[in-house]
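Visitor: Contents are mmCIF, C-alpha atoms; file name query23.cif:
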```cif
data_my_file
#
loop_
_atom_site.label_atom_id
_atom_site.label_comp_id
_atom_site.auth_asym_id
_atom_site.auth_seq_id
_atom_site.Cartn_x
_atom_site.Cartn_y
_atom_site.Cartn_z
CA MET J 1 135.56 53.93 21.61
CA ASN J 2 135.23 50.69 19.86
CA PRO J 3 136.33 50.88 16.16
CA ASN J 4 133.57 48.48 15.13
CA TYR J 5 130.97 50.78 16.70
CA VAL J 6 132.29 53.80 14.75
CA ARG J 7 132.36 51.83 11.48
CA LEU J 8 128.78 50.61 12.01
CA THR J 9 127.60 54.18 12.74
CA LEU J 10 129.22 55.50 9.56
CA ILE J 11 127.74 52.75 7.38
CA LEU J 12 124.28 53.27 8.89
CA GLY J 13 124.51 57.05 8.31
CA LEU J 14 125.59 56.46 4.69
CA VAL J 15 122.69 54.08 4.01
CA LEU J 16 120.15 56.48 5.56
CA GLY J 17 121.58 59.37 3.51
CA LEU J 18 121.32 57.36 0.28
CA LEU J 19 117.73 56.41 1.09
CA ALA J 20 116.84 60.07 1.73
CA VAL J 21 118.38 61.16 -1.60
CA ALA J 22 116.55 58.36 -3.45
CA ARG J 23 113.27 59.44 -1.83
CA LEU J 24 113.73 63.07 -2.90
CA LEU J 25 114.66 62.11 -6.47
CA ALA J 26 111.92 59.52 -6.98
CA TRP J 27 108.85 61.16 -5.40
CA PRO J 28 107.85 64.79 -4.87
CA LEU J 29 107.53 66.06 -1.32
CA ALA J 30 103.97 67.27 -1.92
CA ARG J 31 101.44 66.34 -4.60
CA VAL J 32 100.28 69.24 -6.82
CA SER J 33 97.09 68.99 -8.81
CA LEU J 34 94.52 71.37 -10.29
CA SER J 35 90.91 71.28 -9.24
CA PRO J 36 88.42 70.09 -11.92
CA SER J 37 86.87 73.60 -12.12
CA ALA J 38 90.27 75.19 -12.88
CA VAL J 39 90.93 72.65 -15.64
CA ALA J 40 87.57 73.44 -17.25
CA GLU J 41 88.18 77.20 -16.97
CA VAL J 42 91.54 76.96 -18.79
CA GLY J 43 89.86 75.13 -21.67
CA ARG J 44 87.27 77.91 -22.04
CA ALA J 45 89.82 80.76 -21.83
CA VAL J 46 91.39 79.97 -25.24
CA PRO J 47 89.34 81.67 -27.99
CA GLU J 48 88.07 79.70 -30.94
CA ALA J 49 90.32 81.61 -33.39
CA MET J 50 93.40 80.40 -31.50
CA ARG J 51 92.31 76.76 -31.64
CA ARG J 52 92.04 76.54 -35.43
CA VAL J 53 94.57 77.87 -37.94
CA SER J 54 93.49 78.43 -41.54
CA ALA J 55 95.10 76.46 -44.37
CA GLU J 56 96.26 79.69 -46.06
CA SER J 57 98.18 80.72 -42.95
CA VAL J 58 99.84 77.34 -42.67
CA SER J 59 100.87 77.35 -46.35
CA ALA J 60 102.25 80.91 -46.07
CA ILE J 61 104.30 79.98 -43.01
CA VAL J 62 105.63 76.80 -44.60
CA SER J 63 106.50 78.51 -47.93
CA ARG J 64 108.63 81.15 -46.15
CA ASP J 65 110.41 78.75 -43.85
CA PRO J 66 113.92 80.16 -43.26
CA PHE J 67 115.22 76.65 -42.53
CA ARG J 68 114.03 75.04 -45.79
CA VAL J 69 116.46 72.85 -47.74
CA GLU J 70 116.28 74.97 -50.94
CA ARG J 71 117.45 78.11 -49.15
CA ARG J 72 120.98 79.07 -50.22
CA PRO J 73 123.40 81.70 -48.92
CA MET J 74 123.50 85.04 -50.66
CA ARG J 75 126.08 85.59 -53.39
CA PRO J 76 128.65 87.06 -52.79
CA ALA J 77 129.24 85.78 -49.30
CA TYR J 78 129.44 88.30 -46.47
CA ASP J 79 133.00 89.42 -45.86
CA PRO J 80 133.56 92.03 -43.11
CA LEU J 81 137.10 92.73 -44.35
CA ARG J 82 135.79 93.70 -47.81
CA LEU J 83 133.51 96.29 -46.21
CA ALA J 84 136.43 97.91 -44.40
CA GLU J 85 138.45 98.59 -47.54
CA GLN J 86 137.59 101.39 -49.95
CA LEU J 87 136.94 100.47 -53.55
CA ALA J 88 138.71 103.49 -55.04
CA PRO J 89 140.27 106.52 -53.40
CA PRO J 90 138.44 109.78 -54.07
CA PRO J 91 140.07 112.09 -56.61
CA PRO J 92 142.54 114.51 -55.06
CA ARG J 93 141.30 118.02 -54.37
CA PRO J 94 143.21 120.75 -56.20
CA ALA J 95 145.30 123.14 -54.13
CA LEU J 96 143.85 126.44 -55.31
CA ILE J 97 145.65 129.73 -54.65
CA LEU J 98 144.20 133.20 -55.16
CA ALA J 99 147.02 135.32 -56.60
CA GLY J 100 145.04 138.54 -56.91
CA VAL J 101 141.66 140.26 -57.26
CA ILE J 102 140.80 143.03 -59.71
CA ASP J 103 137.84 145.11 -58.47
CA GLY J 104 135.67 147.15 -60.79
CA ALA J 105 132.40 146.94 -62.74
CA GLU J 106 133.23 143.34 -63.66
CA PRO J 107 135.51 141.93 -60.90
CA SER J 108 138.12 139.35 -61.89
CA ALA J 109 140.35 136.98 -59.96
CA VAL J 110 143.74 135.48 -60.78
CA ILE J 111 143.71 131.84 -59.61
CA GLU J 112 146.56 129.30 -59.60
CA GLY J 113 146.35 125.52 -59.25
CA LEU J 114 143.29 124.85 -61.43
CA PRO J 115 143.29 121.20 -62.62
CA GLY J 116 144.44 120.84 -66.22
CA ILE J 117 145.67 124.45 -66.42
CA GLU J 118 149.37 125.40 -66.33
CA GLY J 119 150.10 128.56 -64.34
CA SER J 120 147.57 131.27 -63.47
CA ARG J 121 144.17 131.98 -65.00
CA VAL J 122 142.01 135.11 -64.90
CA MET J 123 138.39 134.24 -64.07
CA ARG J 124 135.16 136.20 -63.64
CA VAL J 125 131.93 135.36 -61.78
CA GLY J 126 130.19 132.44 -63.52
CA ASP J 127 133.31 131.11 -65.34
CA VAL J 128 133.74 127.31 -65.21
CA VAL J 129 137.12 125.58 -65.58
CA SER J 130 137.50 121.79 -65.07
CA GLY J 131 134.18 121.61 -63.22
CA LEU J 132 135.05 124.45 -60.84
CA GLN J 133 132.77 127.52 -60.99
CA VAL J 134 133.48 130.99 -59.61
CA ARG J 135 130.43 132.04 -57.56
CA GLN J 136 131.52 135.30 -55.94
CA ILE J 137 134.41 137.78 -56.12
CA GLY J 138 134.88 140.70 -53.73
CA ASN J 139 136.91 142.24 -50.89
CA GLY J 140 140.04 140.19 -51.64
CA ARG J 141 138.05 136.98 -51.44
CA VAL J 142 136.77 134.46 -54.07
CA THR J 143 134.22 131.65 -53.62
CA ILE J 144 134.65 128.63 -55.93
CA VAL J 145 132.26 125.64 -56.03
CA GLY J 146 132.86 122.20 -57.55
CA MET J 147 133.88 118.58 -56.83
CA ASP J 148 131.43 118.48 -53.90
CA THR J 149 133.46 121.20 -52.19
CA THR J 150 133.25 124.95 -51.68
CA TRP J 151 136.52 126.91 -51.51
CA VAL J 152 136.75 130.40 -50.04
CA LEU J 153 140.09 131.74 -51.18
CA GLU J 154 141.75 134.89 -49.83
CA VAL J 155 144.53 136.81 -51.53
CA ARG J 156 147.89 135.50 -50.39
CA GLU J 157 150.17 138.07 -48.86
CA PRO J 158 153.67 136.63 -48.73
CA TRP J 159 155.06 139.56 -46.75
CA LYS J 160 152.70 138.69 -43.83
CA ASN J 161 153.64 135.00 -43.61
#
```
Would you write out, as structure tokens, the structure that this file holds?

Guide:
Amino acid sequence: MNPNYVRLTLILGLVLGLLAVARLLAWPLARVSLSPSAVAEVGRAVPEAMRRVSAESVSAIVSRDPFRVERRPMRPAYDPLRLAEQLAPPPPRPALILAGVIDGAEPSAVIEGLPGIEGSRVMRVGDVVSGLQVRQIGNGRVTIVGMDTTWVLEVREPWKN
């Protein structure tokens, strides 16, 4: 094969390819147009209310524009790390221990660990100490309510543990 013939074939193929690409970019392959009846039908399909917008609606939309210049960020600024930390730890829950129960006409309970009280304290149903109220006493068990918690205490038996 003659090298000049190969070079001429390559150049001719390149020119024809560039012309084809220019044709596709510059002009569509097929013309698309709507018929005059379809154009008229689209104009009639839009209701009259959609064509005109009242002045009140426009003023309401413009007055609440979220992209207006006067709009400022909220104070304090959003900080996701601040949300993760607790402001103050909750107060510690007392470790209450039921030392004993006295059954009878008016049952009593001997309770240890009441906040602000040194040692044990004898309590009856309805007694309140440091915000803790005795609700029920019976069968070696005492129910105490307070500090958003309900305790059900049972008599400790050190010989079983």

Visitor: Got a sec: who's within 12 Å of J:Thr149, counting all atoms listed in the file, leaving out chain neighbours fewer than 5 positions off, as a list in words?

Guide: Pro92, Arg93, Pro94, Gly131, Leu132, Gln133, Thr143 and Ile144 of chain J

Visitor: Given the file shown, enumerate the residues that the PyMOL selection byres ((chain J and resi 154) around 12) captures and present them as a PyMOL selection string.

Guide: chain J and resi 96-101+109-111+136-144+151-153+155-157

Visitor: Please write the residues from the selection above to a file, keeping C-alpha atoms, as a compact mmCIF listing (two decimals), in the coordinates of the input.

Guide:
```
# COMPACT_ATOMS: atom_id res chain seq x y z
CA LEU J 96 143.85 126.44 -55.31
CA ILE J 97 145.65 129.73 -54.65
CA LEU J 98 144.20 133.20 -55.16
CA ALA J 99 147.02 135.32 -56.60
CA GLY J 100 145.04 138.54 -56.91
CA VAL J 101 141.66 140.26 -57.26
CA ALA J 109 140.35 136.98 -59.96
CA VAL J 110 143.74 135.48 -60.78
CA ILE J 111 143.71 131.84 -59.61
CA GLN J 136 131.52 135.30 -55.94
CA ILE J 137 134.41 137.78 -56.12
CA GLY J 138 134.88 140.70 -53.73
CA ASN J 139 136.91 142.24 -50.89
CA GLY J 140 140.04 140.19 -51.64
CA ARG J 141 138.05 136.98 -51.44
CA VAL J 142 136.77 134.46 -54.07
CA THR J 143 134.22 131.65 -53.62
CA ILE J 144 134.65 128.63 -55.93
CA TRP J 151 136.52 126.91 -51.51
CA VAL J 152 136.75 130.40 -50.04
CA LEU J 153 140.09 131.74 -51.18
CA VAL J 155 144.53 136.81 -51.53
CA ARG J 156 147.89 135.50 -50.39
CA GLU J 157 150.17 138.07 -48.86
```

Visitor: Considering all atoms listed in the file, can you say which of J:Gly119, J:Asn4, J:Arg75, J:Gly126 comes closest to J:Glu106?

Guide: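 Looking only at the distances to J:Glu106, the closest residue turns out to be J:Gly126.
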
Visitor: Report the distance between atom CA of J:Ser54 and atom CA of J:Ala40 in Å, rounded to one decimal place.

Guide: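 Value for the atom CA of J:Ser54-atom CA of J:Ala40 distance: 25.5 Å.
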
Visitor: Enter the distance from atom CA of J:Gly146 to atom CA of J:Arg121, in Å, rounded to one decimal.

Guide: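 Taking atom CA of J:Gly146 as the start and atom CA of J:Arg121 as the end point, the length is 16.7 Å.
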
Visitor: Mind pulling up the distance from atom CA of J:Ala88 to atom CA of J:Thr150?

Guide: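 Atom CA of J:Ala88 lies 22.4 Å from atom CA of J:Thr150.
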
Visitor: Might I get the box with edges along x, y and z of the file that holds all atoms of stretch 135-145 of chain J listed there, padded by 4 Å on every side, given as centre and edge lengths in Å to one decimal, as JSON?

Guide:
```
{"center_x": 135.2, "center_y": 133.9, "center_z": -54.2, "size_x": 17.6, "size_y": 24.6, "size_z": 14.7}
```

Visitor: Could you name the residues that touch J:Arg124 at 7 Å or less, counting only C-alpha atoms, but leaving out those on the same chain fewer than 4 positions away, as a PyMOL selection string?

Guide: chain J and resi 107-109+134

Visitor: Supply stretch 91-118 of chain J as a PDB file, in the frame of the given file, with N, CA and C atoms built in where the input has gaps.

Guide:
```pdb
ATOM      1  N   PRO J  91     139.088 111.298 -55.869  1.00  0.00           N
ATOM      2  CA  PRO J  91     140.070 112.090 -56.610  1.00  0.00           C
ATOM      3  C   PRO J  91     140.647 113.182 -55.721  1.00  0.00           C
ATOM      4  N   PRO J  92     141.919 113.491 -55.915  1.00  0.00           N
ATOM      5  CA  PRO J  92     142.540 114.510 -55.060  1.00  0.00           C
ATOM      6  C   PRO J  92     141.946 115.882 -55.315  1.00  0.00           C
ATOM      7  N   ARG J  93     141.831 116.661 -54.265  1.00  0.00           N
ATOM      8  CA  ARG J  93     141.300 118.020 -54.370  1.00  0.00           C
ATOM      9  C   ARG J  93     142.438 118.941 -54.829  1.00  0.00           C
ATOM     10  N   PRO J  94     142.147 119.836 -55.757  1.00  0.00           N
ATOM     11  CA  PRO J  94     143.210 120.750 -56.200  1.00  0.00           C
ATOM     12  C   PRO J  94     143.566 121.752 -55.109  1.00  0.00           C
ATOM     13  N   ALA J  95     144.831 122.134 -55.076  1.00  0.00           N
ATOM     14  CA  ALA J  95     145.300 123.140 -54.130  1.00  0.00           C
ATOM     15  C   ALA J  95     145.202 124.497 -54.827  1.00  0.00           C
ATOM     16  N   LEU J  96     144.099 125.165 -54.627  1.00  0.00           N
ATOM     17  CA  LEU J  96     143.850 126.440 -55.310  1.00  0.00           C
ATOM     18  C   LEU J  96     144.466 127.591 -54.513  1.00  0.00           C
ATOM     19  N   ILE J  97     145.021 128.552 -55.263  1.00  0.00           N
ATOM     20  CA  ILE J  97     145.650 129.730 -54.650  1.00  0.00           C
ATOM     21  C   ILE J  97     145.112 130.956 -55.362  1.00  0.00           C
ATOM     22  N   LEU J  98     144.670 131.937 -54.597  1.00  0.00           N
ATOM     23  CA  LEU J  98     144.200 133.200 -55.160  1.00  0.00           C
ATOM     24  C   LEU J  98     145.397 134.158 -55.198  1.00  0.00           C
ATOM     25  N   ALA J  99     145.849 134.458 -56.430  1.00  0.00           N
ATOM     26  CA  ALA J  99     147.020 135.320 -56.600  1.00  0.00           C
ATOM     27  C   ALA J  99     146.646 136.797 -56.520  1.00  0.00           C
ATOM     28  N   GLY J 100     145.432 137.137 -56.962  1.00  0.00           N
ATOM     29  CA  GLY J 100     145.040 138.540 -56.910  1.00  0.00           C
ATOM     30  C   GLY J 100     143.593 138.731 -57.308  1.00  0.00           C
ATOM     31  N   VAL J 101     143.033 139.901 -56.942  1.00  0.00           N
ATOM     32  CA  VAL J 101     141.660 140.260 -57.260  1.00  0.00           C
ATOM     33  C   VAL J 101     141.677 141.630 -57.918  1.00  0.00           C
ATOM     34  N   ILE J 102     140.930 141.760 -59.012  1.00  0.00           N
ATOM     35  CA  ILE J 102     140.800 143.030 -59.710  1.00  0.00           C
ATOM     36  C   ILE J 102     139.368 143.499 -59.507  1.00  0.00           C
ATOM     37  N   ASP J 103     139.174 144.576 -58.721  1.00  0.00           N
ATOM     38  CA  ASP J 103     137.840 145.110 -58.470  1.00  0.00           C
ATOM     39  C   ASP J 103     137.446 146.037 -59.619  1.00  0.00           C
ATOM     40  N   GLY J 104     136.166 146.253 -59.760  1.00  0.00           N
ATOM     41  CA  GLY J 104     135.670 147.150 -60.790  1.00  0.00           C
ATOM     42  C   GLY J 104     134.239 146.775 -61.138  1.00  0.00           C
ATOM     43  N   ALA J 105     133.766 147.242 -62.307  1.00  0.00           N
ATOM     44  CA  ALA J 105     132.400 146.940 -62.740  1.00  0.00           C
ATOM     45  C   ALA J 105     132.224 145.442 -62.932  1.00  0.00           C
ATOM     46  N   GLU J 106     133.259 144.791 -63.470  1.00  0.00           N
ATOM     47  CA  GLU J 106     133.230 143.340 -63.660  1.00  0.00           C
ATOM     48  C   GLU J 106     134.461 142.781 -62.946  1.00  0.00           C
ATOM     49  N   PRO J 107     134.321 142.373 -61.643  1.00  0.00           N
ATOM     50  CA  PRO J 107     135.510 141.930 -60.900  1.00  0.00           C
ATOM     51  C   PRO J 107     136.091 140.647 -61.481  1.00  0.00           C
ATOM     52  N   SER J 108     137.405 140.525 -61.397  1.00  0.00           N
ATOM     53  CA  SER J 108     138.120 139.350 -61.890  1.00  0.00           C
ATOM     54  C   SER J 108     139.043 138.839 -60.803  1.00  0.00           C
ATOM     55  N   ALA J 109     139.436 137.578 -60.928  1.00  0.00           N
ATOM     56  CA  ALA J 109     140.350 136.980 -59.960  1.00  0.00           C
ATOM     57  C   ALA J 109     141.417 136.199 -60.711  1.00  0.00           C
ATOM     58  N   VAL J 110     142.639 136.248 -60.210  1.00  0.00           N
ATOM     59  CA  VAL J 110     143.740 135.480 -60.780  1.00  0.00           C
ATOM     60  C   VAL J 110     143.947 134.275 -59.858  1.00  0.00           C
ATOM     61  N   ILE J 111     143.695 133.072 -60.410  1.00  0.00           N
ATOM     62  CA  ILE J 111     143.710 131.840 -59.610  1.00  0.00           C
ATOM     63  C   ILE J 111     144.772 130.909 -60.156  1.00  0.00           C
ATOM     64  N   GLU J 112     145.540 130.290 -59.246  1.00  0.00           N
ATOM     65  CA  GLU J 112     146.560 129.300 -59.600  1.00  0.00           C
ATOM     66  C   GLU J 112     146.133 127.932 -59.063  1.00  0.00           C
ATOM     67  N   GLY J 113     146.585 126.887 -59.725  1.00  0.00           N
ATOM     68  CA  GLY J 113     146.350 125.520 -59.250  1.00  0.00           C
ATOM     69  C   GLY J 113     145.085 124.894 -59.788  1.00  0.00           C
ATOM     70  N   LEU J 114     144.485 125.460 -60.833  1.00  0.00           N
ATOM     71  CA  LEU J 114     143.290 124.850 -61.430  1.00  0.00           C
ATOM     72  C   LEU J 114     143.692 123.553 -62.138  1.00  0.00           C
ATOM     73  N   PRO J 115     142.920 122.476 -61.995  1.00  0.00           N
ATOM     74  CA  PRO J 115     143.290 121.200 -62.620  1.00  0.00           C
ATOM     75  C   PRO J 115     143.264 121.313 -64.146  1.00  0.00           C
ATOM     76  N   GLY J 116     144.333 120.827 -64.767  1.00  0.00           N
ATOM     77  CA  GLY J 116     144.440 120.840 -66.220  1.00  0.00           C
ATOM     78  C   GLY J 116     144.919 122.160 -66.795  1.00  0.00           C
ATOM     79  N   ILE J 117     145.237 123.133 -65.965  1.00  0.00           N
ATOM     80  CA  ILE J 117     145.670 124.450 -66.420  1.00  0.00           C
ATOM     81  C   ILE J 117     147.071 124.701 -65.861  1.00  0.00           C
ATOM     82  N   GLU J 118     148.013 125.055 -66.747  1.00  0.00           N
ATOM     83  CA  GLU J 118     149.370 125.400 -66.330  1.00  0.00           C
ATOM     84  C   GLU J 118     149.400 126.874 -65.921  1.00  0.00           C
TER      85      GLU J 118
END
```
